[in-house]
Amino acid sequence: MLDRVPLRPGLTKEHVTDQMWKCSKLLLKCEAAHYRIYKEAIEKRAKCDVIIEANKAGSHIPSLPQVDGLEDEVQDFFNYGKKLLIEISQLIGMFFDAPDVEANLAQMRKWLSENKAGSPIENELIRMLGEDANWNWLITNLRNAMEHPKAGYRVEVENFRLLPGNKFTGPGWRYDLSAKHGAVQKEFTDIVLDFYTIAENLLTFLEQVFRLSLMCNVGPMHSSMCCKVYRIADDKIDRSCPIGYEAVLEFVESATVGGCQQDHEGMRR
């Protein structure tokens, strides 16, 4: 997509590509940590079924198998998630010459609101950062709570556990961020399902930040042309290189040169 978009002066495709590669590697590391938990959980869930079935008529059920290094994998997942948010912030900073705010995307949104608001696409980026602010804060503080736990600021992880009635529960987690006026998840929920959702959200967030930032930094072009971004239909995406968007330069009767008003996110079939 980047090859088809002329960038504003001072912004190079090499720098943007390098930063996107940093983001992509961290996202892949998040997904790898999730996959390791998923793979072991599936394998050992089947073993738990066998153990309980073979021993439920007796007076004792042996210890259930455990996901090896579960807490370490959870910590890796959130470490890479926080690092990804930092690199996404760096990506925005590169596009807009914004200051370094590390993972504080709420602060980045404030800076953009004060210095870059105005065009429809810039406003859309600012709106999106506002909508995702609580979720971004949660990722950062879950990682920090694992690294520096204290009362009202911790993440708890549990492995396979036997329940009454010859049943069992799989890997779960809960958290308490009340010491920083954050949310409290009182009940353990499924790590595999929750981390899948978080990884998908991180992917979508990265895609949207890149798309909107890119379209706000289109360089000068002929007045008869504009740059549009299309969402590729799911059944048309190449699974060997699953890129969800494509940029197209189109001839138009009237177009705004150089930027944000040229963006259009439709569905290309």
# chains A, B, ... in the order shown; residues from 1 in each chain; ligands from 1
>>> select_by_dssp(residues="region 130-190 of chain A", states="helix (DSSP H, G or I)", output="VMD selection string")
chain A and resid 130 to 131 133 to 147 178 to 180
>>> residues_around(residues="region 17-20 of chain A", least_positions_apart="4", cutoff="7 Å", atoms="only C-alpha atoms", output="list in words")
Lys13, Ser24 and Leu91 of chain A
>>> residues_around(residues="Ala32 (chain A)", least_positions_apart="6", cutoff="10 Å", atoms="only C-alpha atoms", output="number ranges by chain")
A: 26, 38, 73, 76-77
>>> write_last_selection(atoms="N, CA and C atoms", output="PDB file, in the first residue's frame")
ATOM      1  N   LEU A  26       6.456  -6.968  17.040  1.00  0.00           N
ATOM      2  CA  LEU A  26       5.916  -7.033  18.400  1.00  0.00           C
ATOM      3  C   LEU A  26       4.523  -7.649  18.410  1.00  0.00           C
ATOM      4  N   TYR A  38      -2.490 -21.363  23.893  1.00  0.00           N
ATOM      5  CA  TYR A  38      -3.597 -22.054  23.214  1.00  0.00           C
ATOM      6  C   TYR A  38      -3.231 -23.508  22.897  1.00  0.00           C
ATOM      7  N   GLU A  73       4.245 -16.735  30.148  1.00  0.00           N
ATOM      8  CA  GLU A  73       3.657 -16.447  28.839  1.00  0.00           C
ATOM      9  C   GLU A  73       2.703 -15.256  28.913  1.00  0.00           C
ATOM     10  N   ASP A  76       4.818 -12.205  29.110  1.00  0.00           N
ATOM     11  CA  ASP A  76       5.357 -11.895  27.778  1.00  0.00           C
ATOM     12  C   ASP A  76       4.299 -11.228  26.901  1.00  0.00           C
ATOM     13  N   PHE A  77       3.088 -11.758  26.947  1.00  0.00           N
ATOM     14  CA  PHE A  77       2.011 -11.217  26.129  1.00  0.00           C
ATOM     15  C   PHE A  77       1.804  -9.729  26.413  1.00  0.00           C
TER      16      PHE A  77
END
>>> atom_distance(atom1="CA of Arg127 (chain A)", atom2="CA of Val209 (chain A)")
11.3 Å
>>> residues_around(residues="Asn79 (chain A)", least_positions_apart="4", cutoff="10 Å", atoms="only C-alpha atoms", output="MDAnalysis selection string")
chainID A and resid 26 29:30 73:75 83:84 139:140 142:144 146:147
>>> select_by_dssp(residues="region 38-256 of chain A", states="strand (DSSP E or B)", output="PyMOL selection string")
chain A and resi 117+119+150+153-158+161-163+167-169+172-176+184-190+218+225-232+245-251
>>> atom_distance(atom1="CA of His181 (chain A)", atom2="CA of Glu131 (chain A)")
18.2 Å
>>> residues_around(residues="Gly165 (chain A)", least_positions_apart="3", cutoff="12 Å", atoms="only C-alpha atoms", output="PyMOL selection string")
chain A and resi 52-53+56-57+61+162+168-169
>>> write_last_selection(atoms="N, CA and C atoms", output="PDB file, in the first residue's frame")
ATOM      1  N   ILE A  52      -9.776 -37.625  34.349  1.00  0.00           N
ATOM      2  CA  ILE A  52     -11.004 -37.589  35.152  1.00  0.00           C
ATOM      3  C   ILE A  52     -11.897 -38.778  34.819  1.00  0.00           C
ATOM      4  N   GLU A  53     -12.025 -39.110  33.556  1.00  0.00           N
ATOM      5  CA  GLU A  53     -12.870 -40.231  33.159  1.00  0.00           C
ATOM      6  C   GLU A  53     -12.347 -41.546  33.731  1.00  0.00           C
ATOM      7  N   LYS A  56     -12.845 -41.146  37.956  1.00  0.00           N
ATOM      8  CA  LYS A  56     -14.002 -40.541  38.610  1.00  0.00           C
ATOM      9  C   LYS A  56     -14.770 -41.521  39.506  1.00  0.00           C
ATOM     10  N   ALA A  57     -14.631 -42.821  39.244  1.00  0.00           N
ATOM     11  CA  ALA A  57     -15.322 -43.811  40.085  1.00  0.00           C
ATOM     12  C   ALA A  57     -14.564 -44.097  41.370  1.00  0.00           C
ATOM     13  N   ILE A  61      -8.807 -38.281  42.430  1.00  0.00           N
ATOM     14  CA  ILE A  61      -8.424 -37.946  41.058  1.00  0.00           C
ATOM     15  C   ILE A  61      -7.032 -37.325  41.102  1.00  0.00           C
ATOM     16  N   LEU A 162      -9.153 -28.624  39.233  1.00  0.00           N
ATOM     17  CA  LEU A 162     -10.274 -29.545  39.407  1.00  0.00           C
ATOM     18  C   LEU A 162     -11.413 -28.852  40.151  1.00  0.00           C
ATOM     19  N   PHE A 168     -13.558 -29.608  35.510  1.00  0.00           N
ATOM     20  CA  PHE A 168     -12.329 -28.838  35.663  1.00  0.00           C
ATOM     21  C   PHE A 168     -12.451 -27.534  34.881  1.00  0.00           C
ATOM     22  N   THR A 169     -11.587 -26.598  35.211  1.00  0.00           N
ATOM     23  CA  THR A 169     -11.528 -25.327  34.486  1.00  0.00           C
ATOM     24  C   THR A 169     -10.139 -25.164  33.899  1.00  0.00           C
TER      25      THR A 169
END
>>> residues_around(residues="Lys116 (chain A)", least_positions_apart="3", cutoff="10 Å", atoms="only C-alpha atoms", output="MDAnalysis selection string")
chainID A and resid 96 98 109:113 119 122:123 126 216
>>> residues_around(residues="Lys150 (chain A)", least_positions_apart="4", cutoff="12 Å", atoms="only C-alpha atoms", output="PyMOL selection string")
chain A and resi 144-146+154-156+175-180
>>> closest_residue(among="A:Ser89, A:Thr12, A:Ser59, A:Asn104", to="Asn217 (chain A)", atoms="only C-alpha atoms")
A:Thr12
>>> atom_distance(atom1="CA of Ala133 (chain A)", atom2="CA of Gln107 (chain A)")
9.6 Å
>>> closest_residue(among="A:Ser213, A:Thr204, A:Asn134, A:Gln185", to="Gly172 (chain A)", atoms="only C-alpha atoms")
A:Gln185
>>> closest_residue(among="A:Asp132, A:Trp173, A:Met94, A:Leu28", to="Arg8 (chain A)", atoms="only C-alpha atoms")
A:Met94
>>> closest_residue(among="A:Ala199, A:Ile42, A:Leu27, A:Ile92", to="Met108 (chain A)", atoms="only C-alpha atoms")
A:Ile92
